[in-house]
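Just query.txt here, compact mmCIF, C-alpha atoms and all ligand atoms:
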# COMPACT_ATOMS: atom_id res chain seq x y z
CA MET A 846 144.89 157.16 148.36
CA PRO A 847 147.34 158.73 150.78
CA THR A 848 145.39 160.61 153.44
CA CYS A 849 146.27 164.25 153.10
CA VAL A 850 144.01 167.20 153.64
CA THR A 851 140.48 167.34 154.97
CA LYS A 852 137.84 170.03 155.18
CA THR A 853 134.35 170.03 156.63
CA ILE A 854 131.65 171.71 154.56
CA GLU A 855 127.94 172.27 155.10
CA LEU A 856 125.36 172.19 152.35
CA THR A 857 121.78 173.37 152.39
CA GLY A 858 118.93 173.64 149.91
CA HIS A 859 116.71 171.33 147.89
CA LEU A 860 119.62 168.97 147.77
CA LEU A 861 117.74 165.81 146.90
CA ASP A 862 114.86 166.69 144.57
CA SER A 863 116.93 169.14 142.61
CA LEU A 864 119.78 166.64 142.37
CA THR A 865 122.22 169.13 143.89
CA LEU A 866 123.67 166.46 146.12
CA SER A 867 124.36 164.23 143.13
CA LYS A 868 126.08 167.13 141.42
CA VAL A 869 128.19 167.86 144.50
CA LEU A 870 129.21 164.24 145.02
CA ASP A 871 130.06 163.86 141.34
CA THR A 872 132.20 166.99 141.51
CA ILE A 873 134.08 165.63 144.50
CA GLN A 874 134.67 162.28 142.89
CA ALA A 875 135.70 163.83 139.58
CA LYS A 876 138.55 165.49 141.45
CA GLY A 877 139.64 162.14 142.88
CA ALA A 878 138.63 163.18 146.39
CA SER A 879 136.63 161.21 148.97
CA PHE A 880 133.79 162.29 151.22
CA LYS A 881 132.25 161.28 154.50
CA ILE A 882 128.74 162.49 155.33
CA THR A 883 128.52 162.97 159.08
CA HIS A 884 125.18 164.79 159.56
CA LEU A 885 122.06 164.62 157.44
CA ASP A 886 118.80 166.42 158.11
CA ILE A 887 116.38 165.67 155.31
CA GLY A 888 113.69 168.28 154.62
CA ALA A 889 110.29 167.03 155.83
CA ASP A 890 108.47 167.93 152.62
CA LYS A 891 109.39 169.14 149.18
CA HIS A 892 109.43 172.77 150.30
CA ALA A 893 111.82 172.20 153.19
CA PHE A 894 115.57 172.35 152.84
CA THR A 895 117.87 169.42 153.43
CA ASN A 896 120.96 170.18 155.51
CA LEU A 897 124.10 168.14 155.39
CA ARG A 898 127.60 168.23 156.83
CA MET A 899 130.44 166.34 155.24
CA ASP A 900 134.18 165.93 155.44
CA ILE A 901 136.03 166.08 152.16
CA GLU A 902 139.42 164.48 151.90
CA ALA A 903 141.71 165.30 149.00
CA ASP A 904 145.25 164.49 147.95
CA ASN A 905 146.58 167.99 148.42
CA ASP A 906 145.66 171.56 149.30
CA ASP A 907 145.29 172.66 145.69
CA VAL A 908 142.64 170.06 144.93
CA LEU A 909 140.86 170.79 148.17
CA GLN A 910 140.88 174.52 147.50
CA GLN A 911 139.53 174.03 143.97
CA LEU A 912 136.76 171.85 145.33
CA VAL A 913 135.81 174.36 147.99
CA GLU A 914 135.54 177.00 145.27
CA GLU A 915 133.50 174.80 142.96
CA LEU A 916 131.11 173.85 145.73
CA GLU A 917 130.75 177.38 147.04
CA PRO A 918 127.34 177.96 145.38
CA TYR A 919 125.83 175.08 147.34
CA THR A 920 127.42 175.64 150.71
CA ALA A 921 125.49 177.11 153.64
CA LYS A 922 126.20 180.78 154.17
CA VAL A 923 125.61 180.65 157.93
CA PRO A 924 126.66 177.77 160.20
CA LEU A 925 123.94 175.11 160.33
CA GLN A 926 122.46 173.76 163.55
CA PHE A 927 122.06 170.02 163.58
CA ALA A 928 119.84 168.19 166.07
CA PRO A 929 121.59 165.20 167.71
CA GLU A 930 119.45 162.70 165.79
CA THR A 931 120.79 164.01 162.50
CA GLN A 932 124.25 162.74 163.36
CA LEU A 933 124.68 159.56 161.38
CA ASN A 934 125.54 156.47 163.40
CA SER A 935 127.45 155.00 160.59
CA THR A 936 128.92 157.66 158.39
CA ILE A 937 128.59 157.33 154.65
CA THR A 938 132.08 157.19 153.24
CA VAL A 939 132.94 156.98 149.62
CA GLU A 940 136.58 156.39 148.83
CA HIS A 941 137.75 157.43 145.45
CA THR A 942 139.12 154.37 143.73
CA THR A 943 140.27 153.96 140.21
CA THR A 944 139.29 150.37 139.68
CA GLU A 945 140.69 148.59 136.68
CA ARG A 946 137.61 147.72 134.61
CA ARG A 947 137.79 144.18 133.32
CA TYR A 948 135.76 143.36 130.28
CA PRO A 949 135.52 139.61 129.85
CA LEU A 950 134.27 140.24 126.34
CA GLY A 951 135.71 143.68 125.68
CA LYS A 952 133.33 146.64 125.30
CA ASP A 953 132.88 147.35 121.64
CA ASP A 954 129.99 149.54 120.49
CA ASN A 955 130.38 148.52 116.86
CA HIS A 956 130.57 144.82 117.67
CA PRO A 957 128.63 144.35 120.90
CA SER A 958 128.20 140.88 122.37
CA ILE A 959 124.54 139.95 122.59
CA LEU A 960 122.81 137.05 124.32
CA MET A 961 119.50 135.68 123.01
CA CYS A 962 117.42 132.57 123.75
CA PRO A 963 115.63 130.73 120.90
CA PRO A 964 111.82 130.76 121.15
CA ASP A 965 111.34 126.96 121.14
CA TYR A 966 108.86 127.15 124.03
CA PHE A 967 107.64 130.70 123.51
CA THR A 968 103.90 131.29 123.84
CA VAL A 969 101.53 133.45 125.88
CA ASP A 970 100.40 131.17 128.68
CA TYR A 971 99.57 133.71 131.37
CA ALA A 972 99.00 137.47 131.64
CA ILE A 973 101.43 139.47 133.80
CA ASN A 974 101.40 142.73 131.84
CA PRO A 975 98.67 144.68 130.00
CA TRP A 976 99.84 143.50 126.58
CA MET A 977 99.25 139.81 127.36
CA GLN A 978 95.55 139.76 126.53
CA GLY A 979 95.55 136.96 124.01
CA VAL A 980 96.50 133.88 126.03
CA GLY A 981 97.04 131.06 123.55
CA GLU A 982 96.94 133.36 120.51
CA VAL A 983 100.60 133.33 119.52
CA ASP A 984 101.42 131.99 116.07
CA VAL A 985 104.35 129.88 117.23
CA GLU A 986 105.81 129.30 113.76
CA LEU A 987 105.63 132.98 112.89
CA ALA A 988 107.28 133.82 116.23
CA LYS A 989 110.20 131.54 115.34
CA GLN A 990 110.63 133.27 111.98
CA GLN A 991 110.47 136.72 113.57
CA TRP A 992 113.02 135.75 116.21
CA GLN A 993 115.39 134.37 113.54
CA THR A 994 115.03 137.54 111.45
CA LEU A 995 115.91 139.59 114.52
CA TYR A 996 118.91 137.39 115.32
CA ASP A 997 120.21 137.59 111.73
CA THR A 998 119.65 141.35 111.51
CA ILE A 999 121.57 141.98 114.75
CA GLU A 1000 124.39 139.71 113.60
CA GLN A 1001 124.59 141.36 110.18
CA ALA A 1002 124.77 144.74 111.87
CA GLY A 1003 128.03 143.56 113.45
CA ALA A 1004 127.20 141.97 116.82
CA LYS A 1005 128.80 138.84 118.25
CA MET A 1006 125.97 136.48 119.10
CA TYR A 1007 125.53 134.15 122.08
CA THR A 1008 122.53 131.96 122.87
CA MET A 1009 121.24 130.23 125.96
CA THR A 1010 119.25 126.99 125.91
CA PRO A 1011 115.45 127.35 125.93
CA GLN A 1012 113.56 125.45 128.63
CA PRO A 1013 110.10 123.86 128.46
CA GLY A 1014 107.52 125.53 130.69
CA LEU A 1015 109.35 128.88 130.67
CA PRO A 1016 107.81 130.76 127.74
CA ASP A 1017 109.25 134.16 128.73
CA LEU A 1018 112.86 132.89 128.95
CA VAL A 1019 113.21 134.28 125.39
CA PHE A 1020 113.27 137.75 126.94
CA THR A 1021 116.95 137.59 127.91
CA ALA A 1022 116.95 141.33 128.67
CA ASN A 1023 115.49 140.35 132.00
CA ALA A 1024 118.05 137.65 132.81
CA ALA A 1025 120.60 140.01 134.37
CA PHE A 1026 122.11 143.45 134.58
CA VAL A 1027 125.64 143.04 133.22
CA TYR A 1028 128.64 145.30 133.67
CA GLY A 1029 132.27 144.27 133.18
CA ASP A 1030 132.55 140.84 134.75
CA LYS A 1031 129.59 141.41 137.08
CA ALA A 1032 126.07 140.11 136.57
CA VAL A 1033 123.18 140.91 138.92
CA THR A 1034 120.65 138.25 137.99
CA ALA A 1035 116.87 138.64 138.04
CA HIS A 1036 114.51 137.89 140.87
CA TYR A 1037 111.11 138.19 139.20
CA ARG A 1038 108.07 139.90 140.66
CA HIS A 1039 105.73 137.23 139.27
CA LYS A 1040 106.02 133.58 140.21
CA GLU A 1041 105.33 132.68 136.55
CA ARG A 1042 108.86 133.86 135.70
CA GLN A 1043 110.73 132.85 138.84
CA GLY A 1044 111.54 129.44 137.35
CA GLU A 1045 113.86 131.27 134.91
CA GLU A 1046 116.16 132.51 137.66
CA PRO A 1047 118.40 129.43 138.10
CA PHE A 1048 118.96 129.20 134.34
CA ALA A 1049 120.19 132.78 134.15
CA GLN A 1050 122.39 132.31 137.22
CA ALA A 1051 123.90 129.17 135.72
CA TRP A 1052 124.54 130.79 132.34
CA PHE A 1053 126.38 133.78 133.80
CA LYS A 1054 128.36 131.65 136.25
CA GLU A 1055 129.39 129.25 133.50
CA HIS A 1056 130.54 132.18 131.38
CA GLY A 1057 132.84 133.52 134.05
CA TYR A 1058 130.74 136.30 135.51
CA ASP A 1059 130.80 137.25 139.15
CA VAL A 1060 127.08 136.76 139.87
CA THR A 1061 125.06 138.67 142.50
CA VAL A 1062 121.90 136.84 143.56
CA LEU A 1063 119.50 139.23 145.29
CA PRO A 1064 117.83 138.47 148.61
CA ASP A 1065 114.38 136.96 148.32
CA HIS A 1066 112.47 140.11 149.30
CA ILE A 1067 114.04 142.27 146.55
CA HIS A 1068 112.67 142.00 143.04
CA PHE A 1069 114.68 143.04 140.03
CA GLU A 1070 114.24 142.26 136.34
CA GLY A 1071 117.71 142.59 134.88
CA SER A 1072 118.70 144.92 132.09
CA GLY A 1073 115.00 145.20 131.26
CA ASP A 1074 115.06 147.63 134.17
CA ALA A 1075 118.66 148.87 134.18
CA LEU A 1076 120.36 150.44 131.19
CA ILE A 1077 123.71 152.13 130.96
CA TRP A 1078 124.14 155.52 129.31
CA LYS A 1079 127.56 157.14 129.62
CA ASP A 1080 128.74 155.30 132.71
CA ARG A 1081 125.50 155.81 134.58
CA VAL A 1082 122.83 153.25 135.21
CA PHE A 1083 119.25 154.34 134.56
CA SER A 1084 117.10 151.96 136.47
CA GLY A 1085 113.31 151.66 136.47
CA TYR A 1086 111.31 150.62 139.51
CA LYS A 1087 107.78 150.11 140.78
CA MET A 1088 105.99 147.76 138.38
CA ARG A 1089 108.55 144.96 138.40
CA SER A 1090 111.81 145.94 140.06
CA ASP A 1091 112.17 147.33 143.58
CA ILE A 1092 114.18 150.46 144.20
CA ALA A 1093 116.01 148.51 146.92
CA ALA A 1094 117.75 146.59 144.13
CA HIS A 1095 119.49 149.74 142.96
CA SER A 1096 122.13 149.73 145.68
CA TYR A 1097 123.11 146.23 144.57
CA LEU A 1098 123.58 147.53 141.03
CA SER A 1099 125.90 150.29 142.15
CA ALA A 1100 127.74 147.93 144.48
CA ALA A 1101 128.31 145.47 141.63
CA SER A 1102 129.16 148.01 138.93
CA GLY A 1103 130.67 150.89 140.85
CA LEU A 1104 128.46 153.15 138.73
CA PRO A 1105 125.98 155.74 139.97
CA VAL A 1106 122.40 154.55 139.61
CA MET A 1107 119.61 156.94 138.66
CA SER A 1108 116.34 155.57 140.02
CA LEU A 1109 113.40 156.25 137.72
CA GLU A 1110 109.84 155.62 138.81
CA LEU A 1111 107.72 154.12 136.05
CA SER A 1112 104.20 155.44 136.02
CA ASP A 1113 102.32 153.71 133.20
CA PRO A 1114 101.57 149.96 133.49
CA LYS A 1115 101.98 149.54 129.71
CA PHE A 1116 105.60 150.66 130.09
CA TYR A 1117 106.41 148.36 132.98
CA HIS A 1118 110.14 147.95 132.24
CA VAL A 1119 112.50 150.83 131.60
CA ASP A 1120 113.66 149.26 128.32
CA VAL A 1121 110.26 149.83 126.72
CA CYS A 1122 110.48 153.60 127.21
CA PHE A 1123 114.21 154.43 127.43
CA CYS A 1124 116.79 153.43 124.85
CA PRO A 1125 120.41 154.64 124.95
CA LEU A 1126 121.93 154.91 121.47
CA ASN A 1127 125.70 154.59 121.32
CA ASP A 1128 126.26 156.31 124.67
CA ASP A 1129 125.30 159.46 122.81
CA TYR A 1130 121.61 159.85 121.98
CA LEU A 1131 118.61 158.69 123.95
CA LEU A 1132 115.34 157.52 122.41
CA TRP A 1133 112.63 157.79 125.08
CA PHE A 1134 108.97 158.21 125.93
CA PRO A 1135 108.68 160.91 128.61
CA GLY A 1136 105.09 159.94 129.50
CA ALA A 1137 106.24 156.64 130.98
CA PHE A 1138 108.04 158.34 133.89
CA ASP A 1139 106.87 160.37 136.83
CA GLU A 1140 107.91 164.00 136.96
CA TYR A 1141 111.00 163.24 139.05
CA GLY A 1142 112.12 160.55 136.66
CA ARG A 1143 111.67 162.89 133.74
CA SER A 1144 113.69 165.62 135.42
CA VAL A 1145 116.47 163.20 136.32
CA ILE A 1146 116.68 162.13 132.68
CA GLU A 1147 116.56 165.74 131.52
CA ALA A 1148 119.27 166.69 133.99
CA ASN A 1149 121.56 163.92 132.77
CA VAL A 1150 120.98 163.78 129.04
CA PRO A 1151 121.41 167.07 127.15
CA GLU A 1152 118.32 168.22 125.30
CA GLU A 1153 119.89 167.94 121.86
CA LYS A 1154 120.65 164.29 122.58
CA ARG A 1155 117.10 163.34 123.60
CA ILE A 1156 114.79 161.95 120.94
CA ALA A 1157 111.33 161.94 122.50
CA VAL A 1158 108.45 159.92 121.10
CA THR A 1159 104.69 160.30 121.64
CA ALA A 1160 102.47 157.79 123.43
CA GLU A 1161 101.18 156.56 120.09
CA GLU A 1162 104.71 156.03 118.80
CA ALA A 1163 105.83 154.41 122.04
CA ASN A 1164 102.97 151.91 121.76
CA THR A 1165 104.71 150.45 118.71
CA PHE A 1166 107.64 149.51 121.02
CA VAL A 1167 109.86 151.91 119.11
CA CYS A 1168 111.90 152.56 122.27
CA ASN A 1169 112.55 148.84 122.63
CA ALA A 1170 115.33 148.97 120.08
CA VAL A 1171 118.59 147.08 119.64
CA ASN A 1172 121.47 149.40 118.84
CA VAL A 1173 124.54 148.03 117.06
CA GLY A 1174 126.93 150.74 115.93
CA LYS A 1175 124.84 153.11 113.82
CA THR A 1176 122.07 150.56 113.28
CA VAL A 1177 118.84 150.75 115.27
CA ILE A 1178 116.60 147.69 115.03
CA PHE A 1179 112.98 147.75 116.20
CA ASN A 1180 109.46 146.55 115.51
CA THR A 1181 107.62 148.12 112.55
CA ALA A 1182 108.12 151.76 113.46
CA PRO A 1183 106.57 155.16 112.77
CA GLN A 1184 108.14 156.94 109.79
CA ARG A 1185 108.62 160.14 111.81
CA VAL A 1186 110.90 158.37 114.30
CA LYS A 1187 112.82 156.61 111.53
CA ASP A 1188 113.33 159.94 109.76
CA GLU A 1189 114.57 161.59 112.93
CA LEU A 1190 117.04 158.77 113.54
CA SER A 1191 118.25 158.90 109.95
CA ALA A 1192 118.75 162.66 110.24
CA LYS A 1193 120.99 161.98 113.25
CA GLY A 1194 123.12 159.54 111.27
CA PHE A 1195 121.51 156.24 112.31
CA THR A 1196 120.23 153.46 110.07
CA PRO A 1197 116.82 152.37 111.32
CA ILE A 1198 115.70 148.85 110.43
CA ASP A 1199 112.21 147.73 111.34
CA ILE A 1200 111.05 144.15 111.42
CA ASP A 1201 107.67 142.72 112.30
CA MET A 1202 107.69 141.47 115.91
CA SER A 1203 103.91 141.00 116.22
CA GLU A 1204 104.04 137.67 118.07
CA PHE A 1205 106.37 138.92 120.83
CA ILE A 1206 104.34 142.08 121.30
CA LYS A 1207 101.48 139.80 122.35
CA ALA A 1208 103.73 138.98 125.32
CA GLY A 1209 104.59 142.64 125.97
CA GLY A 1210 108.08 142.54 124.52
CA SER A 1211 109.90 143.44 121.31
CA CYS A 1212 113.44 143.53 119.90
CA LYS A 1213 115.44 144.83 122.85
CA CYS A 1214 113.60 142.60 125.35
CA LEU A 1215 114.82 139.59 123.39
CA THR A 1216 118.47 140.57 123.90
CA VAL A 1217 120.95 141.43 126.60
CA ARG A 1218 124.22 143.14 125.95
CA LEU A 1219 127.15 141.32 127.55
CA ASP A 1220 130.04 143.68 126.95
CA HIS A 1221 129.28 146.84 128.87
N1 LIG B 1301 106.03 138.64 129.15
C1 LIG B 1301 107.23 139.21 129.67
C2 LIG B 1301 106.95 139.81 131.04
O1 LIG B 1301 105.88 140.33 131.25
C3 LIG B 1301 107.78 140.23 128.74
C4 LIG B 1301 109.10 140.77 129.17
C5 LIG B 1301 109.59 141.91 128.35
N2 LIG B 1301 110.90 142.20 128.69
C6 LIG B 1301 111.45 143.42 128.74
N3 LIG B 1301 112.71 143.53 128.97
N4 LIG B 1301 110.72 144.50 128.64
O2 LIG B 1301 107.75 139.76 131.93
What is this structure when it is put down as structure tokens?
Amino acid sequence: MPTCVTKTIELTGHLLDSLTLSKVLDTIQAKGASFKITHLDIGADKHAFTNLRMDIEADNDDVLQQLVEELEPYTAKVPLQFAPETQLNSTITVEHTTTERRYPLGKDDNHPSILMCPPDYFTVDYAINPWMQGVGEVDVELAKQQWQTLYDTIEQAGAKMYTMTPQPGLPDLVFTANAAFVYGDKAVTAHYRHKERQGEEPFAQAWFKEHGYDVTVLPDHIHFEGSGDALIWKDRVFSGYKMRSDIAAHSYLSAASGLPVMSLELSDPKFYHVDVCFCPLNDDYLLWFPGAFDEYGRSVIEANVPEEKRIAVTAEEANTFVCNAVNVGKTVIFNTAPQRVKDELSAKGFTPIDIDMSEFIKAGGSCKCLTVRLDH
């Protein structure tokens, strides 16, 4: 971008908790401008204001003037005083870039590309989530039938199917949702919280490398469980943390994808991955269980997804894994689901299809956990 005009502005208020800063930065970027944060004084508690000074750089005076007007409600009305320690050593600069998005598989909501892993070695051998109570109680043959029904149903709904090779001794490798977060030609592969699943990591890395993805492998101290904890809704990543993934992983997701990442704290151990309580439908609606998030997470979701697009379910409904759905075009595929939720989806123009996933629920996963979308 040719360097043209610059203006320094100061912002004050509950910039972080109330998401004002996100709104401001989005506004700047939407205008194709760049910003550099030079001073940041974060409020000590939730009642205190955060103060910030930034330089905005735009292509021309008109754009800059429009931005100044749009940001007027958030700007400080008297000059702010910044203590020396609030001056950032390294300034935070975000250049506006219009990167050419490359889709190795081509994003196609009606014909998404989906990766699954056959359940040849699936069982419940250990307990790493509250659902895994019945070690050794999986009906392996029934699990294979259920998996095949899911595969066929997704394919019939219009998806292009891919599979990875199952591996002995890795019963949870079937849950390909966790293998990686995928966007364009980038894959950020999993680094599991529990050692029981860490053996899966090299297989996911190999699969994505072999299929032409630019793979990010996280440092050893950062845990992250793939698209099980990072879902895209309208060019934003909604990423869960606490039970399995670390919030520190989120900057790697935005670095890889170039998308803003909304960090959502998960608060109920039964809903330990974001994909069991948050399900984007066609970049339009959202099926979700509000009780799985802390109050900040809920307000972030409410601030981003308009009310008429949010389909909330109760705890009882969420316990059926109804939010762990695979969406292909207008079809929504999930475990045997409550009629109320199916009716609500139908009323919104979707075709709900429920299939019995009992054996996978014994491992704490259902339809969506058994898939990862490759064409975002
Ligand atoms: N047993 C697996 C685990 O606890 C289930 C993973 C479910 N995957 C998901 N994306 N929610 O890790």
Check which residues of chain A sit at most 8 Å from ligand LIG 1301 (chain B) using only C-alpha atoms and all ligand atoms, and return one row each with the closest pair of atoms and their distance in Å to one decimal, ordered by chain and rising number, as a tab-separated table.
residue	atom	partner	partner_atom	distance
A:Val969	CA	B:LIG1301	N1	7.6
A:Ala972	CA	B:LIG1301	O1	7.5
A:Ile973	CA	B:LIG1301	O1	5.2
A:Asn974	CA	B:LIG1301	O1	5.1
A:Met977	CA	B:LIG1301	N1	7.1
A:Asp1017	CA	B:LIG1301	C1	5.5
A:Phe1020	CA	B:LIG1301	N2	5.3
A:Thr1021	CA	B:LIG1301	N3	7.4
A:Ala1022	CA	B:LIG1301	N3	4.8
A:Asn1023	CA	B:LIG1301	N3	5.2
A:Arg1042	CA	B:LIG1301	O2	7.1
A:Glu1070	CA	B:LIG1301	N3	7.6
A:Gly1071	CA	B:LIG1301	N3	7.8
A:Ser1072	CA	B:LIG1301	N3	6.9
A:Gly1073	CA	B:LIG1301	N3	3.6
A:Asp1074	CA	B:LIG1301	N3	7.0
A:Tyr1117	CA	B:LIG1301	N4	7.2
A:His1118	CA	B:LIG1301	N4	5.0
A:Val1119	CA	B:LIG1301	N4	7.2
A:Asp1120	CA	B:LIG1301	N4	5.6
A:Val1121	CA	B:LIG1301	N4	5.7
A:Asn1169	CA	B:LIG1301	N4	7.6
A:Ala1208	CA	B:LIG1301	N1	4.5
A:Gly1209	CA	B:LIG1301	C3	4.9
A:Gly1210	CA	B:LIG1301	C5	4.2
A:Ser1211	CA	B:LIG1301	C5	7.2
A:Lys1213	CA	B:LIG1301	N3	6.8
A:Cys1214	CA	B:LIG1301	N3	3.8
A:Leu1215	CA	B:LIG1301	N2	7.1
Generate a file of the selected residues that holds C-alpha atoms, formatted as a CSV table (one decimal), keeping the file's coordinate frame.
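Contents of the output file selection-v4.csv:
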chain,number,residue,atom,x,y,z
A,969,VAL,CA,101.5,133.4,125.9
A,972,ALA,CA,99.0,137.5,131.6
A,973,ILE,CA,101.4,139.5,133.8
A,974,ASN,CA,101.4,142.7,131.8
A,977,MET,CA,99.2,139.8,127.4
A,1017,ASP,CA,109.2,134.2,128.7
A,1020,PHE,CA,113.3,137.8,126.9
A,1021,THR,CA,117.0,137.6,127.9
A,1022,ALA,CA,117.0,141.3,128.7
A,1023,ASN,CA,115.5,140.4,132.0
A,1042,ARG,CA,108.9,133.9,135.7
A,1070,GLU,CA,114.2,142.3,136.3
A,1071,GLY,CA,117.7,142.6,134.9
A,1072,SER,CA,118.7,144.9,132.1
A,1073,GLY,CA,115.0,145.2,131.3
A,1074,ASP,CA,115.1,147.6,134.2
A,1117,TYR,CA,106.4,148.4,133.0
A,1118,HIS,CA,110.1,148.0,132.2
A,1119,VAL,CA,112.5,150.8,131.6
A,1120,ASP,CA,113.7,149.3,128.3
A,1121,VAL,CA,110.3,149.8,126.7
A,1169,ASN,CA,112.6,148.8,122.6
A,1208,ALA,CA,103.7,139.0,125.3
A,1209,GLY,CA,104.6,142.6,126.0
A,1210,GLY,CA,108.1,142.5,124.5
A,1211,SER,CA,109.9,143.4,121.3
A,1213,LYS,CA,115.4,144.8,122.8
A,1214,CYS,CA,113.6,142.6,125.4
A,1215,LEU,CA,114.8,139.6,123.4
Quiz item: Counting only C-alpha atoms, which of A:Lys1087, A:His1036, A:Lys1079, A:Lys1031 gets nearest to Asp1059 (chain A)?
Solution: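 Looking at the shortest contact to Asp1059 (chain A), the residue is A:Lys1031.
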Practice problem: Go ahead and find all residues with at least one atom no further than 10 Å from (108.8, 146.2, 140.3) in the file's coordinates, using all atoms listed in the file; report them as a list of chain:residue names. | Solution: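 Final list of nearby residues, as requested, is A:Tyr1037, A:Arg1038, A:His1039, A:Ile1067, A:His1068, A:Phe1069, A:Glu1070, A:Asp1074, A:Gly1085, A:Tyr1086, A:Lys1087, A:Met1088, A:Arg1089, A:Ser1090, A:Asp1091, A:Ile1092, A:Ala1094, A:Glu1110, A:Leu1111, A:Tyr1117, A:His1118.
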Exercise. Might you pull out every residue within 12 Å of Gln990 (chain A), with all atoms listed in the file counted and same-chain residues fewer than 2 positions away left off, and present them as a list in words?
Key: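 Non-adjacent residues within range: Pro963, Pro964, Asp965, Asp984, Val985, Glu986, Leu987, Ala988, Trp992, Gln993, Thr994, Leu995, Tyr996, Asp997, Ile1200, Asp1201, Met1202, Ser1203, Glu1204 and Phe1205 of chain A.
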Quiz item: Out of A:Ala1160, A:Ala1170, A:Ala1075, A:Ile1178, which residue has the shortest atom-to-atom distance to Thr1196 (chain A) when counting all atoms listed in the file?
Solution: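 Ranking A:Ala1160, A:Ala1170, A:Ala1075, A:Ile1178 by distance to Thr1196 (chain A), first place goes to A:Ile1178.
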Practice problem: Write out as a VMD selection string which residues come within 8 Å of Asn1127 (chain A) when counting all atoms listed in the file, dropping same-chain ones fewer than 4 positions away. | Solution: chain A and resid 954 1172 to 1175
Quiz prompt | CA of Arg1185 (chain A) to CA of Asp1129 (chain A), distance in Å rounded to a single decimal | solution =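 So the answer is 20.0 Å.
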Quiz item: Do you have the CA of Thr938 (chain A)-CA of Asn1149 (chain A) distance handy?
Solution: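 So the answer is 24.0 Å.
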Up to 10 Å from (128.6, 145.0, 134.5) in the file's coordinates: name the residues, counting all atoms listed in the file, as a PDB file with C-alpha atoms, in the coordinates of the input.
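New file out.pdb:
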ATOM      1  CA  ARG A 946     137.610 147.720 134.610  1.00  0.00           C
ATOM      2  CA  ARG A 947     137.790 144.180 133.320  1.00  0.00           C
ATOM      3  CA  TYR A 948     135.760 143.360 130.280  1.00  0.00           C
ATOM      4  CA  PRO A 949     135.520 139.610 129.850  1.00  0.00           C
ATOM      5  CA  ALA A1025     120.600 140.010 134.370  1.00  0.00           C
ATOM      6  CA  PHE A1026     122.110 143.450 134.580  1.00  0.00           C
ATOM      7  CA  VAL A1027     125.640 143.040 133.220  1.00  0.00           C
ATOM      8  CA  TYR A1028     128.640 145.300 133.670  1.00  0.00           C
ATOM      9  CA  GLY A1029     132.270 144.270 133.180  1.00  0.00           C
ATOM     10  CA  ASP A1030     132.550 140.840 134.750  1.00  0.00           C
ATOM     11  CA  LYS A1031     129.590 141.410 137.080  1.00  0.00           C
ATOM     12  CA  ALA A1032     126.070 140.110 136.570  1.00  0.00           C
ATOM     13  CA  VAL A1033     123.180 140.910 138.920  1.00  0.00           C
ATOM     14  CA  TYR A1058     130.740 136.300 135.510  1.00  0.00           C
ATOM     15  CA  ASP A1059     130.800 137.250 139.150  1.00  0.00           C
ATOM     16  CA  VAL A1060     127.080 136.760 139.870  1.00  0.00           C
ATOM     17  CA  ILE A1077     123.710 152.130 130.960  1.00  0.00           C
ATOM     18  CA  LEU A1098     123.580 147.530 141.030  1.00  0.00           C
ATOM     19  CA  SER A1099     125.900 150.290 142.150  1.00  0.00           C
ATOM     20  CA  ALA A1101     128.310 145.470 141.630  1.00  0.00           C
ATOM     21  CA  SER A1102     129.160 148.010 138.930  1.00  0.00           C
ATOM     22  CA  GLY A1103     130.670 150.890 140.850  1.00  0.00           C
ATOM     23  CA  LEU A1104     128.460 153.150 138.730  1.00  0.00           C
ATOM     24  CA  ARG A1218     124.220 143.140 125.950  1.00  0.00           C
ATOM     25  CA  LEU A1219     127.150 141.320 127.550  1.00  0.00           C
ATOM     26  CA  ASP A1220     130.040 143.680 126.950  1.00  0.00           C
ATOM     27  CA  HIS A1221     129.280 146.840 128.870  1.00  0.00           C
TER      28      HIS A1221
END
Exercise. Could you tell me how far CA of Phe1053 (chain A) lies from CA of Tyr1097 (chain A), in Å and to one decimal?
Key: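 The value is 16.8 Å.
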Quiz item: From the list A:Gln1001, A:Thr1176, A:Asp1199, A:Cys1122, which residue is nearest Ala1163 (chain A) when using only C-alpha atoms?
Solution: A:Cys1122
Quiz prompt | Nearest candidate to Phe927 (chain A) (options A:Glu1046, A:Asp871, A:Asp886, A:Asp1139; using all atoms listed in the file) | solution =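 Answer, going by the shortest atom-to-atom distance: A:Asp886.
Closest approach to Val1158 (chain A) from the set A:Ser879, A:Ser863, A:Gln1184, A:Thr968 is made by A:Gln1184, with distances taken over all atoms listed in the file.
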Exercise. For each of A:Leu960, A:Ala1002, A:Gln910, A:Lys1115, take the minimum atom-to-atom distance to Trp1052 (chain A), counting only C-alpha atoms, then give the residue where this is smallest.
Key: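 The shortest atom-to-atom distance to Trp1052 (chain A) comes from A:Leu960.
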Quiz prompt | Shell of 9 Å around region 1186-1191 of chain A, only C-alpha atoms, local chain residues under 6 positions omitted, as a list of chain:residue names | solution =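 The filter keeps A:Ile1156, A:Ala1157, A:Val1158, A:Glu1162, A:Val1167, A:Val1177, A:Pro1197, A:Ile1198, A:Asp1199.
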Saved selection, atoms kept: C-alpha atoms, as a PDB file, in the coordinates of the input:
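So part19.pdb came out as:
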ATOM      1  CA  ILE A1156     114.790 161.950 120.940  1.00  0.00           C
ATOM      2  CA  ALA A1157     111.330 161.940 122.500  1.00  0.00           C
ATOM      3  CA  VAL A1158     108.450 159.920 121.100  1.00  0.00           C
ATOM      4  CA  GLU A1162     104.710 156.030 118.800  1.00  0.00           C
ATOM      5  CA  VAL A1167     109.860 151.910 119.110  1.00  0.00           C
ATOM      6  CA  VAL A1177     118.840 150.750 115.270  1.00  0.00           C
ATOM      7  CA  PRO A1197     116.820 152.370 111.320  1.00  0.00           C
ATOM      8  CA  ILE A1198     115.700 148.850 110.430  1.00  0.00           C
ATOM      9  CA  ASP A1199     112.210 147.730 111.340  1.00  0.00           C
TER      10      ASP A1199
END
